[in-house]
Amino acid sequence: MDVFIAIVQILDSTIRLSVPLLLACLAGLFSERSGIFDIGLEGKMLVGAFAGAAAASVFHSAFIGLGMAILISVAFAMVHGFASITHRGNQIVSGVAINFIAAGSTIILGQAWFSQGGRTPALQPGERFDAIVWPGAEAVRDVPIIGPIYAELISGHSLLVYLAFLMVPFTWWVLFRTRFGLRLRAVGENPAAVDTAGISVAWLRYRALICTGILTGVAGAYLSMVQNGGFVKDMTAGKGYIALAALIFAKWKPVNAMFACLLFGFLDAAAIRLQGSPLPIIGKVPVQFMQALPYILTVILLAGFIGKAIPPRAGGVPYVKER
Amino acid sequence: MSTPYAKLPAWADYGLIPLINLSVAFIVAGFVVLLVGENPFRAAVILVEGAFGKGTGIAFTLFYATTFIFTGLSVAVAAHCGLFNIGTEGQAYISGLGIAIVCLSFDSTLPWWLTFPLAIVASAVVGALWALIPAYLQAKRGSHIVITTIMFNFIAASIMVYLLVGPLKPAGSQAPQTRNFFAGAELPKLNWIIELFGAKIRSAPLNVTFLLALLMAFLVWLLIWRTKLGYEMRTYGHSPKAARYAGISETRIIITAMMISGALAGMMALNPVMGDQHNVAIDFVSGAGFVGIAVALMGRLHPVGIVLAAVLFGMLYQGGAELAFEMPAISRDMIVIIQGLVILFAGALEHMFRPYIQALFASFSPRSVGMEAVKGKGA
């Protein structure tokens with residue numbers, strides 16, 4: 001029974017840890033499917049986290065925080081768009097720039113506005129998204145098997161967790177069942193064809209980046225307003241890059257993205273849980289190995305040893321009309 | 001990398017446009033300073049005085065510049081071959097391992113002038129090998145070099161953390177770093193050069209690696225513009241199709257360019273490790289690899305430009321430390337913003353002002369842009 005409880009607890013923290021990855025991964029899905037590489041997921045999450053926590057603590061409202069997180073994150077996405085769509089700059093360079101500007105400005109502004117060493121004030125109840133306890137969760141907790149699963153895994157998460165997982169079918173529906181989605185995928189594969197059909201390539205890509213900005217904003221808000229109760233400098237800690245890895249691992253598909261993020265979240269949860277305690281059969285696994293595993297897996301995938309990851313064809317190439 | 005833009009006179013292309021881009025980056029940074037509630041002009045004065053006002057400041061500026069010359073050259077060599085090596089950070093970090101092995105083995109037996117060449121080779125080899133795998137995957141398996149080198153940065157960091165909290169840490173020590181090196185692995189300082197000019201220096205870490213960096217800048221110039229290999233790299237960077245048609249082996253050129261890039265990145269580790277800290281500590285690279293991207297872009301991928309840009313960033317790092325001291329609201333992270341803005345305006349938005357400048361040139365002297373412009377526009 002103890003083993004069962006332990007497994008449920010690991011799975012529970014898997015869900016919590018994979019939510020920011022999932023949101024960022026879906027964000028990347030929108031932009032990369034439209035042909036814009038986005039290394040700046042990390043930076044957009046970071047400004048989202050900062051703006052969310054800062055606004056929530058100043059205006060005493062979680063929803064104003066969330067709105068501000070989305071707004072600022074979209075603004076950064078628009079900078080990326082301005083550079084890589086309007087001015088046809090190098091998308092990777094632009095993404096790197098955004099990550100730096102985000103990392104620096106969150107610390108500088110945080111220190112200037114709140115003087116707590118780059119932190120925002122600890123969020124009070126009501127300023128953060130609290131856990132939603134589902135009806136009957138406490139009542140069934142003692143029922144074997146189903147009880148802990150219902151009470152721990154399904155109930156007791158915040159609004160943003162459910163939102164993140166609802167975004168998976170929604171993203172799938174938008175990309176594969178709507179006209180906007182069809183065009184968005186087309187512009188990532190063959191922008192000239194979309195242009196010939198009389199649809200603006202630039203505007204379509206800008207809209208894809210707005211979706212990216214919204215989702216990275218929510219991801220950032222989750223980090224600072226659910227997981228942590230305040231902004232801490234560099235709190236994304238490479239999650240944007242893991243999300244990027246998950247996106248490749250998922251071969252740019254929404255449902256796969258969810259499983260990839262859950263896998264990477266599980267690795268993280270297991271690494272925290274084990275902390276050097278030996279595993280059966282394998283023996284003691286260094287924590288660092290568990291932390292590096294998502295990246296190693298992605299490289300192996302990219303090398304073509306587990307299937308083949310084929311990116312959108314027009315990805316990374318600025319569209320020039322007159323050629 | 002054909003641009004849909006017309007040609008400008010060379011001095012405008014290599015001097016005026018970078019200068020304008022840079023100025024815009026600094027103006028935006030000035031607004032951030034204003035937002036924080038400080039005077040941007042006073043901040044700029046403190047920054048420049050902190051970097052060049054005293055002998056110690058100059059020595060520190062050049063110490064930081066040494067690091068950035070290496071990483072800038074590393075990014076530039078790969079970029080000439082059309083490859084974006086974002087893994088300079090990881091290649092430099094993992095090279096600390098090679099240097100640690102050499103220094104910990106020989107520092108009590110050999111003098112510095114024997115340890116140093118060994119360490120140069122070790123750092124370059126480890127850096128090159130760390131770049132080899134992404135290069136191989138790009139050349140043979142078609143996996144995007146940007147993604148693999150990012151992944152390799154994280155893998156390098158994990159390996160180094162594992163080694164520095166485990167096998168490389170001396171017994172009984174709490175700090176995640178190797179033991180301090182003995183005199184045999186301490187590089188001599190170069191501060192006397194600045195003292196020749198009459199300035200006084202209180203312990204600054206400027207060391208002989210600076211000369212190595214300048215030598216490498218020269219060698220990179222030689223490689224890129226004066227050798228067959230460099231010509232092939234530039235050809236491949238300009239048009240992979242043309243290179244293939246000319247019979248240049250894609251695999252060979254990608255792997256060679258990336259290994260040179262990795263070796264240059266690796267040598268960066270010599271400067272902080274052997275020249276300053278005399279141990280290998282966690283996170284000793286601390287973002288210098290990424291600064292290399294900004295330096296390479298600002299230097300327009302030319303070694304002379306890179307050295308100048310590296311000195312500028314060295315100035316920002318040294319002056320930034322002084323600035324943080326004088327204006328508590330501005331910490332050293334201001335540099336990170338400036339770095340980001342430079343990458344944005346000198347890199348991603350480098351063509352933003354070009355049409356306006358072209359129009360300006362055209363109105364003064366149509367011939368300077370005239371014929372070329374018509375051809376370039378495809379009209």
# chains A, B, ... in the order shown; residues from 1 in each chain; ligands from 1
>>> select_by_dssp(residues="region 12-204 of chain A", states="alpha helix (DSSP H)", output="tab-separated table (two decimals) with C-alpha atoms, in the first residue's frame")
chain	number	residue	atom	x	y	z
A	12	ASP	CA	0.69	13.82	-8.76
A	13	SER	CA	3.92	15.80	-8.84
A	14	THR	CA	4.44	14.62	-12.43
A	15	ILE	CA	1.23	16.44	-13.33
A	16	ARG	CA	2.26	19.56	-11.44
A	17	LEU	CA	5.72	19.63	-13.01
A	18	SER	CA	4.58	18.90	-16.53
A	19	VAL	CA	1.99	21.71	-16.69
A	20	PRO	CA	4.43	24.56	-17.46
A	21	LEU	CA	6.21	22.30	-19.95
A	22	LEU	CA	2.93	21.42	-21.60
A	23	LEU	CA	1.75	25.02	-21.94
A	24	ALA	CA	5.13	26.14	-23.31
A	25	CYS	CA	5.28	23.15	-25.61
A	26	LEU	CA	1.85	23.89	-27.08
A	27	ALA	CA	2.93	27.52	-27.41
A	28	GLY	CA	5.95	26.42	-29.40
A	29	LEU	CA	3.70	24.16	-31.45
A	30	PHE	CA	1.68	27.13	-32.71
A	31	SER	CA	4.70	29.16	-33.76
A	32	GLU	CA	6.80	26.34	-35.20
A	33	ARG	CA	3.85	24.94	-37.13
A	41	LEU	CA	9.85	30.30	-25.11
A	42	GLU	CA	12.04	30.45	-22.02
A	43	GLY	CA	12.16	34.24	-22.00
A	44	LYS	CA	8.45	34.69	-22.65
A	45	MET	CA	7.61	32.33	-19.79
A	46	LEU	CA	9.94	34.29	-17.56
A	47	VAL	CA	8.39	37.68	-18.31
A	48	GLY	CA	4.96	36.09	-17.96
A	49	ALA	CA	5.89	34.75	-14.55
A	50	PHE	CA	7.22	38.13	-13.47
A	51	ALA	CA	4.35	40.20	-14.84
A	52	GLY	CA	1.80	37.80	-13.37
A	53	ALA	CA	3.22	37.76	-9.87
A	54	ALA	CA	3.92	41.50	-9.89
A	55	ALA	CA	0.44	42.48	-11.08
A	56	ALA	CA	-1.28	39.98	-8.78
A	57	SER	CA	0.48	41.31	-5.74
A	58	VAL	CA	-0.06	44.97	-6.65
A	59	PHE	CA	-3.72	44.65	-7.67
A	62	ALA	CA	-5.06	36.46	-9.45
A	63	PHE	CA	-6.96	37.12	-12.65
A	64	ILE	CA	-5.43	40.56	-13.21
A	65	GLY	CA	-2.09	38.83	-12.71
A	66	LEU	CA	-2.91	36.21	-15.30
A	67	GLY	CA	-4.10	38.87	-17.72
A	68	MET	CA	-0.92	40.89	-17.27
A	69	ALA	CA	1.21	37.77	-17.72
A	70	ILE	CA	-0.50	37.06	-21.02
A	71	LEU	CA	-0.28	40.70	-22.14
A	72	ILE	CA	3.46	41.06	-21.54
A	73	SER	CA	4.22	37.65	-22.94
A	74	VAL	CA	2.29	38.47	-26.12
A	75	ALA	CA	4.17	41.78	-26.34
A	76	PHE	CA	7.47	39.88	-26.33
A	77	ALA	CA	6.08	37.47	-28.93
A	78	MET	CA	5.29	40.51	-31.07
A	79	VAL	CA	8.90	41.70	-30.80
A	80	HIS	CA	9.92	38.29	-32.07
A	81	GLY	CA	7.41	38.67	-34.88
A	91	GLN	CA	14.63	33.78	-35.92
A	92	ILE	CA	17.12	32.05	-33.69
A	93	VAL	CA	19.07	35.24	-33.05
A	94	SER	CA	15.83	37.01	-32.21
A	95	GLY	CA	14.82	34.25	-29.81
A	96	VAL	CA	18.18	34.38	-28.06
A	97	ALA	CA	17.83	38.15	-27.73
A	98	ILE	CA	14.40	37.80	-26.16
A	99	ASN	CA	15.70	35.32	-23.60
A	100	PHE	CA	18.43	37.75	-22.55
A	101	ILE	CA	16.17	40.78	-22.38
A	102	ALA	CA	13.69	38.77	-20.31
A	103	ALA	CA	16.32	37.41	-17.93
A	104	GLY	CA	17.86	40.83	-17.33
A	105	SER	CA	14.76	43.00	-17.20
A	106	THR	CA	12.83	40.81	-14.77
A	107	ILE	CA	15.66	41.04	-12.25
A	108	ILE	CA	16.30	44.77	-12.76
A	109	LEU	CA	12.64	45.78	-12.65
A	110	GLY	CA	11.87	43.39	-9.81
A	111	GLN	CA	14.66	44.87	-7.73
A	112	ALA	CA	13.70	48.44	-8.61
A	113	TRP	CA	9.99	48.02	-7.88
A	114	PHE	CA	9.93	45.65	-4.93
A	137	ALA	CA	-12.69	14.15	-2.74
A	138	GLU	CA	-12.26	14.04	1.02
A	139	ALA	CA	-15.07	11.51	1.42
A	140	VAL	CA	-13.57	8.92	-0.94
A	146	ILE	CA	-9.75	4.74	-6.46
A	147	GLY	CA	-9.78	7.01	-3.40
A	148	PRO	CA	-6.19	8.26	-3.56
A	159	LEU	CA	-7.55	26.10	-12.42
A	160	LEU	CA	-4.50	26.50	-14.66
A	161	VAL	CA	-3.66	22.78	-14.45
A	162	TYR	CA	-7.05	21.80	-15.83
A	163	LEU	CA	-6.78	24.58	-18.38
A	164	ALA	CA	-3.41	23.26	-19.55
A	165	PHE	CA	-4.73	19.77	-20.14
A	166	LEU	CA	-7.88	21.11	-21.81
A	167	MET	CA	-5.62	23.04	-24.16
A	168	VAL	CA	-4.40	19.76	-25.65
A	169	PRO	CA	-7.65	18.73	-27.38
A	170	PHE	CA	-8.38	22.40	-28.06
A	171	THR	CA	-5.05	22.88	-29.81
A	172	TRP	CA	-5.61	19.72	-31.78
A	173	TRP	CA	-9.05	20.97	-32.80
A	174	VAL	CA	-7.76	24.41	-33.79
A	175	LEU	CA	-4.86	23.06	-35.81
A	176	PHE	CA	-6.54	20.13	-37.51
A	177	ARG	CA	-10.23	21.01	-37.67
A	179	ARG	CA	-9.70	26.85	-41.37
A	180	PHE	CA	-7.23	28.93	-39.35
A	181	GLY	CA	-5.41	25.75	-38.34
A	182	LEU	CA	-5.20	24.44	-41.88
A	183	ARG	CA	-3.79	27.73	-43.10
A	184	LEU	CA	-1.40	27.92	-40.17
A	185	ARG	CA	0.00	24.49	-40.97
A	186	ALA	CA	0.14	25.35	-44.66
A	187	VAL	CA	2.12	28.52	-44.01
A	188	GLY	CA	4.66	26.48	-42.10
A	189	GLU	CA	5.09	24.06	-44.96
A	191	PRO	CA	4.14	29.89	-47.50
A	192	ALA	CA	4.27	30.69	-51.22
A	193	ALA	CA	1.20	28.52	-51.82
A	194	VAL	CA	-0.69	30.29	-49.05
A	195	ASP	CA	0.35	33.63	-50.48
A	196	THR	CA	-0.87	32.60	-53.92
A	201	VAL	CA	1.55	35.11	-44.75
A	202	ALA	CA	2.73	37.76	-42.33
A	203	TRP	CA	-0.64	38.26	-40.61
A	204	LEU	CA	-1.13	34.51	-40.28
>>> residues_around(residues="His87 (chain A)", least_positions_apart="6", cutoff="9 Å", atoms="only C-alpha atoms", output="PyMOL selection string")
(chain A and resi 81+318) or (chain B and resi 348-352)
>>> write_last_selection(atoms="N, CA and C atoms", output="PDB file, in the first residue's frame")
ATOM      1  N   GLY A  81       8.054  38.584 -33.573  1.00  0.00           N
ATOM      2  CA  GLY A  81       7.407  38.667 -34.880  1.00  0.00           C
ATOM      3  C   GLY A  81       7.929  39.837 -35.695  1.00  0.00           C
ATOM      4  N   PRO A 318      12.658  33.074 -43.398  1.00  0.00           N
ATOM      5  CA  PRO A 318      11.762  34.222 -43.568  1.00  0.00           C
ATOM      6  C   PRO A 318      11.144  34.198 -44.972  1.00  0.00           C
TER       7      PRO A 318
ATOM      8  N   ALA B 348      19.096  40.297 -35.062  1.00  0.00           N
ATOM      9  CA  ALA B 348      17.814  39.983 -35.684  1.00  0.00           C
ATOM     10  C   ALA B 348      17.246  41.159 -36.475  1.00  0.00           C
ATOM     11  N   LEU B 349      17.500  42.377 -36.000  1.00  0.00           N
ATOM     12  CA  LEU B 349      16.906  43.541 -36.673  1.00  0.00           C
ATOM     13  C   LEU B 349      17.960  44.311 -37.469  1.00  0.00           C
ATOM     14  N   GLU B 350      19.025  43.609 -37.904  1.00  0.00           N
ATOM     15  CA  GLU B 350      20.131  44.346 -38.525  1.00  0.00           C
ATOM     16  C   GLU B 350      19.703  45.073 -39.801  1.00  0.00           C
ATOM     17  N   HIS B 351      18.627  44.621 -40.424  1.00  0.00           N
ATOM     18  CA  HIS B 351      18.214  45.281 -41.667  1.00  0.00           C
ATOM     19  C   HIS B 351      17.136  46.338 -41.447  1.00  0.00           C
ATOM     20  N   MET B 352      16.795  46.590 -40.193  1.00  0.00           N
ATOM     21  CA  MET B 352      15.669  47.483 -39.944  1.00  0.00           C
ATOM     22  C   MET B 352      15.903  48.884 -40.525  1.00  0.00           C
TER      23      MET B 352
END
>>> atom_distance(atom1="CA of Pro205 (chain B)", atom2="CA of Thr88 (chain B)")
22.5 Å
>>> closest_residue(among="B:Ile255, B:Ala199, B:Ala362, B:Ile260", to="Val75 (chain B)", atoms="only C-alpha atoms")
B:Ile260
>>> residues_around(residues="Gly287 (chain B)", least_positions_apart="5", cutoff="10 Å", atoms="only C-alpha atoms", output="VMD selection string")
chain B and resid 88 to 90 93 292 336
>>> write_last_selection(atoms="all heavy atoms", output="PDB file, in the first residue's frame")
ATOM      1  N   THR B  88      28.412  27.175 -27.620  1.00  0.00           N
ATOM      2  CA  THR B  88      29.698  27.667 -27.135  1.00  0.00           C
ATOM      3  C   THR B  88      29.790  27.570 -25.618  1.00  0.00           C
ATOM      4  O   THR B  88      30.823  27.198 -25.066  1.00  0.00           O
ATOM      5  CB  THR B  88      29.870  29.135 -27.573  1.00  0.00           C
ATOM      6  OG1 THR B  88      29.722  29.178 -28.980  1.00  0.00           O
ATOM      7  CG2 THR B  88      31.216  29.668 -27.200  1.00  0.00           C
ATOM      8  N   GLU B  89      28.682  27.883 -24.975  1.00  0.00           N
ATOM      9  CA  GLU B  89      28.630  27.839 -23.511  1.00  0.00           C
ATOM     10  C   GLU B  89      29.003  26.453 -22.990  1.00  0.00           C
ATOM     11  O   GLU B  89      29.874  26.311 -22.130  1.00  0.00           O
ATOM     12  CB  GLU B  89      27.213  28.225 -23.067  1.00  0.00           C
ATOM     13  CG  GLU B  89      26.992  28.241 -21.575  1.00  0.00           C
ATOM     14  CD  GLU B  89      27.394  29.572 -20.957  1.00  0.00           C
ATOM     15  OE1 GLU B  89      27.702  30.511 -21.713  1.00  0.00           O
ATOM     16  OE2 GLU B  89      27.420  29.653 -19.727  1.00  0.00           O
ATOM     17  N   GLY B  90      28.352  25.439 -23.530  1.00  0.00           N
ATOM     18  CA  GLY B  90      28.594  24.083 -23.065  1.00  0.00           C
ATOM     19  C   GLY B  90      29.986  23.586 -23.429  1.00  0.00           C
ATOM     20  O   GLY B  90      30.641  22.899 -22.650  1.00  0.00           O
ATOM     21  N   TYR B  93      32.319  25.093 -21.027  1.00  0.00           N
ATOM     22  CA  TYR B  93      32.127  24.534 -19.687  1.00  0.00           C
ATOM     23  C   TYR B  93      32.806  23.173 -19.572  1.00  0.00           C
ATOM     24  O   TYR B  93      33.577  22.909 -18.649  1.00  0.00           O
ATOM     25  CB  TYR B  93      30.624  24.412 -19.407  1.00  0.00           C
ATOM     26  CG  TYR B  93      30.227  24.289 -17.954  1.00  0.00           C
ATOM     27  CD1 TYR B  93      31.168  24.303 -16.938  1.00  0.00           C
ATOM     28  CD2 TYR B  93      28.883  24.166 -17.604  1.00  0.00           C
ATOM     29  CE1 TYR B  93      30.781  24.194 -15.616  1.00  0.00           C
ATOM     30  CE2 TYR B  93      28.483  24.059 -16.288  1.00  0.00           C
ATOM     31  CZ  TYR B  93      29.441  24.070 -15.294  1.00  0.00           C
ATOM     32  OH  TYR B  93      29.052  23.960 -13.996  1.00  0.00           O
ATOM     33  N   GLY B 292      29.258  35.592 -26.472  1.00  0.00           N
ATOM     34  CA  GLY B 292      29.950  35.385 -27.740  1.00  0.00           C
ATOM     35  C   GLY B 292      29.045  35.614 -28.938  1.00  0.00           C
ATOM     36  O   GLY B 292      29.496  36.107 -29.975  1.00  0.00           O
ATOM     37  N   VAL B 336      22.963  42.092 -18.925  1.00  0.00           N
ATOM     38  CA  VAL B 336      22.238  41.042 -19.636  1.00  0.00           C
ATOM     39  C   VAL B 336      21.208  41.672 -20.570  1.00  0.00           C
ATOM     40  O   VAL B 336      21.022  41.236 -21.703  1.00  0.00           O
ATOM     41  CB  VAL B 336      21.566  40.074 -18.642  1.00  0.00           C
ATOM     42  CG1 VAL B 336      20.830  38.979 -19.380  1.00  0.00           C
ATOM     43  CG2 VAL B 336      22.613  39.471 -17.724  1.00  0.00           C
TER      44      VAL B 336
END
>>> closest_residue(among="A:Pro144, A:Gly156, A:Gly238, A:Gly35", to="chain B", atoms="only C-alpha atoms")
A:Gly238
>>> interface_residues(of="chain B", to="chain A", cutoff="9 Å", atoms="only C-alpha atoms", output="ChimeraX atom specification")
/B:4,32,35-37,84,134,137-138,140-144,146-148,150-152,154-159,161-162,290,293-294,328-345,347-352,377-378
>>> write_last_selection(atoms="C-alpha atoms", output="PDB file, in the first residue's frame")
ATOM      1  CA  PRO B   4      16.931  41.099 -50.806  1.00  0.00           C
ATOM      2  CA  VAL B  32      15.275  50.872 -18.959  1.00  0.00           C
ATOM      3  CA  LEU B  35      12.313  53.224 -15.844  1.00  0.00           C
ATOM      4  CA  VAL B  36      14.317  52.127 -12.831  1.00  0.00           C
ATOM      5  CA  GLY B  37      14.482  55.759 -11.759  1.00  0.00           C
ATOM      6  CA  PHE B  84      24.632  28.691 -35.581  1.00  0.00           C
ATOM      7  CA  PRO B 134      26.195  17.852 -32.876  1.00  0.00           C
ATOM      8  CA  LEU B 137      24.364  14.664 -36.290  1.00  0.00           C
ATOM      9  CA  GLN B 138      23.829  17.764 -38.442  1.00  0.00           C
ATOM     10  CA  LYS B 140      24.854  12.846 -41.328  1.00  0.00           C
ATOM     11  CA  ARG B 141      21.464  12.754 -39.691  1.00  0.00           C
ATOM     12  CA  GLY B 142      20.131  16.171 -40.574  1.00  0.00           C
ATOM     13  CA  SER B 143      19.254  17.088 -36.995  1.00  0.00           C
ATOM     14  CA  HIS B 144      19.246  20.834 -36.504  1.00  0.00           C
ATOM     15  CA  VAL B 146      20.817  24.764 -32.948  1.00  0.00           C
ATOM     16  CA  ILE B 147      18.643  22.268 -31.110  1.00  0.00           C
ATOM     17  CA  THR B 148      21.384  19.695 -30.561  1.00  0.00           C
ATOM     18  CA  ILE B 150      21.279  23.630 -26.865  1.00  0.00           C
ATOM     19  CA  MET B 151      20.698  20.101 -25.599  1.00  0.00           C
ATOM     20  CA  PHE B 152      24.453  19.602 -25.325  1.00  0.00           C
ATOM     21  CA  PHE B 154      22.437  21.187 -20.634  1.00  0.00           C
ATOM     22  CA  ILE B 155      24.107  17.790 -20.843  1.00  0.00           C
ATOM     23  CA  ALA B 156      27.516  19.451 -20.333  1.00  0.00           C
ATOM     24  CA  ALA B 157      26.169  21.322 -17.307  1.00  0.00           C
ATOM     25  CA  SER B 158      24.817  18.100 -15.798  1.00  0.00           C
ATOM     26  CA  ILE B 159      28.115  16.277 -16.313  1.00  0.00           C
ATOM     27  CA  VAL B 161      27.840  19.408 -11.779  1.00  0.00           C
ATOM     28  CA  TYR B 162      28.060  15.674 -11.260  1.00  0.00           C
ATOM     29  CA  PHE B 290      26.115  33.510 -25.023  1.00  0.00           C
ATOM     30  CA  ILE B 293      26.825  35.477 -29.902  1.00  0.00           C
ATOM     31  CA  ALA B 294      26.404  39.195 -29.284  1.00  0.00           C
ATOM     32  CA  PRO B 328      22.137  50.136  -6.075  1.00  0.00           C
ATOM     33  CA  ALA B 329      18.982  49.984  -8.217  1.00  0.00           C
ATOM     34  CA  ILE B 330      21.059  48.813 -11.158  1.00  0.00           C
ATOM     35  CA  SER B 331      22.652  45.442 -10.680  1.00  0.00           C
ATOM     36  CA  ARG B 332      24.983  43.695 -13.027  1.00  0.00           C
ATOM     37  CA  ASP B 333      21.983  42.145 -14.735  1.00  0.00           C
ATOM     38  CA  MET B 334      21.662  45.432 -16.612  1.00  0.00           C
ATOM     39  CA  ILE B 335      24.438  44.014 -18.795  1.00  0.00           C
ATOM     40  CA  VAL B 336      22.238  41.042 -19.636  1.00  0.00           C
ATOM     41  CA  ILE B 337      19.574  43.438 -20.939  1.00  0.00           C
ATOM     42  CA  ILE B 338      22.116  45.390 -22.974  1.00  0.00           C
ATOM     43  CA  GLN B 339      23.465  42.132 -24.318  1.00  0.00           C
ATOM     44  CA  GLY B 340      19.963  41.078 -25.339  1.00  0.00           C
ATOM     45  CA  LEU B 341      19.278  44.434 -26.971  1.00  0.00           C
ATOM     46  CA  VAL B 342      22.557  44.291 -28.882  1.00  0.00           C
ATOM     47  CA  ILE B 343      21.709  40.805 -30.137  1.00  0.00           C
ATOM     48  CA  LEU B 344      18.248  42.031 -31.101  1.00  0.00           C
ATOM     49  CA  PHE B 345      19.267  45.207 -32.916  1.00  0.00           C
ATOM     50  CA  GLY B 347      21.485  40.626 -35.092  1.00  0.00           C
ATOM     51  CA  ALA B 348      17.814  39.983 -35.684  1.00  0.00           C
ATOM     52  CA  LEU B 349      16.906  43.541 -36.673  1.00  0.00           C
ATOM     53  CA  GLU B 350      20.131  44.346 -38.525  1.00  0.00           C
ATOM     54  CA  HIS B 351      18.214  45.281 -41.667  1.00  0.00           C
ATOM     55  CA  MET B 352      15.669  47.483 -39.944  1.00  0.00           C
ATOM     56  CA  LYS B 377      15.491  44.530 -56.085  1.00  0.00           C
ATOM     57  CA  GLY B 378      14.914  42.341 -59.116  1.00  0.00           C
TER      58      GLY B 378
END
>>> atom_distance(atom1="CA of Pro18 (chain B)", atom2="CA of Val285 (chain B)")
27.1 Å
>>> select_by_dssp(residues="region 56-168 of chain A", states="strand (DSSP E)", output="MDAnalysis selection string")
chainID A and resid 131:132 157:158
>>> atom_distance(atom1="CA of Leu247 (chain A)", atom2="CA of Ala135 (chain B)")
21.4 Å
>>> residues_around(residues="His278 (chain B)", least_positions_apart="2", cutoff="10 Å", atoms="only C-alpha atoms", output="ChimeraX atom specification")
/B:100,103,178-183,185-187,270-276,280-281
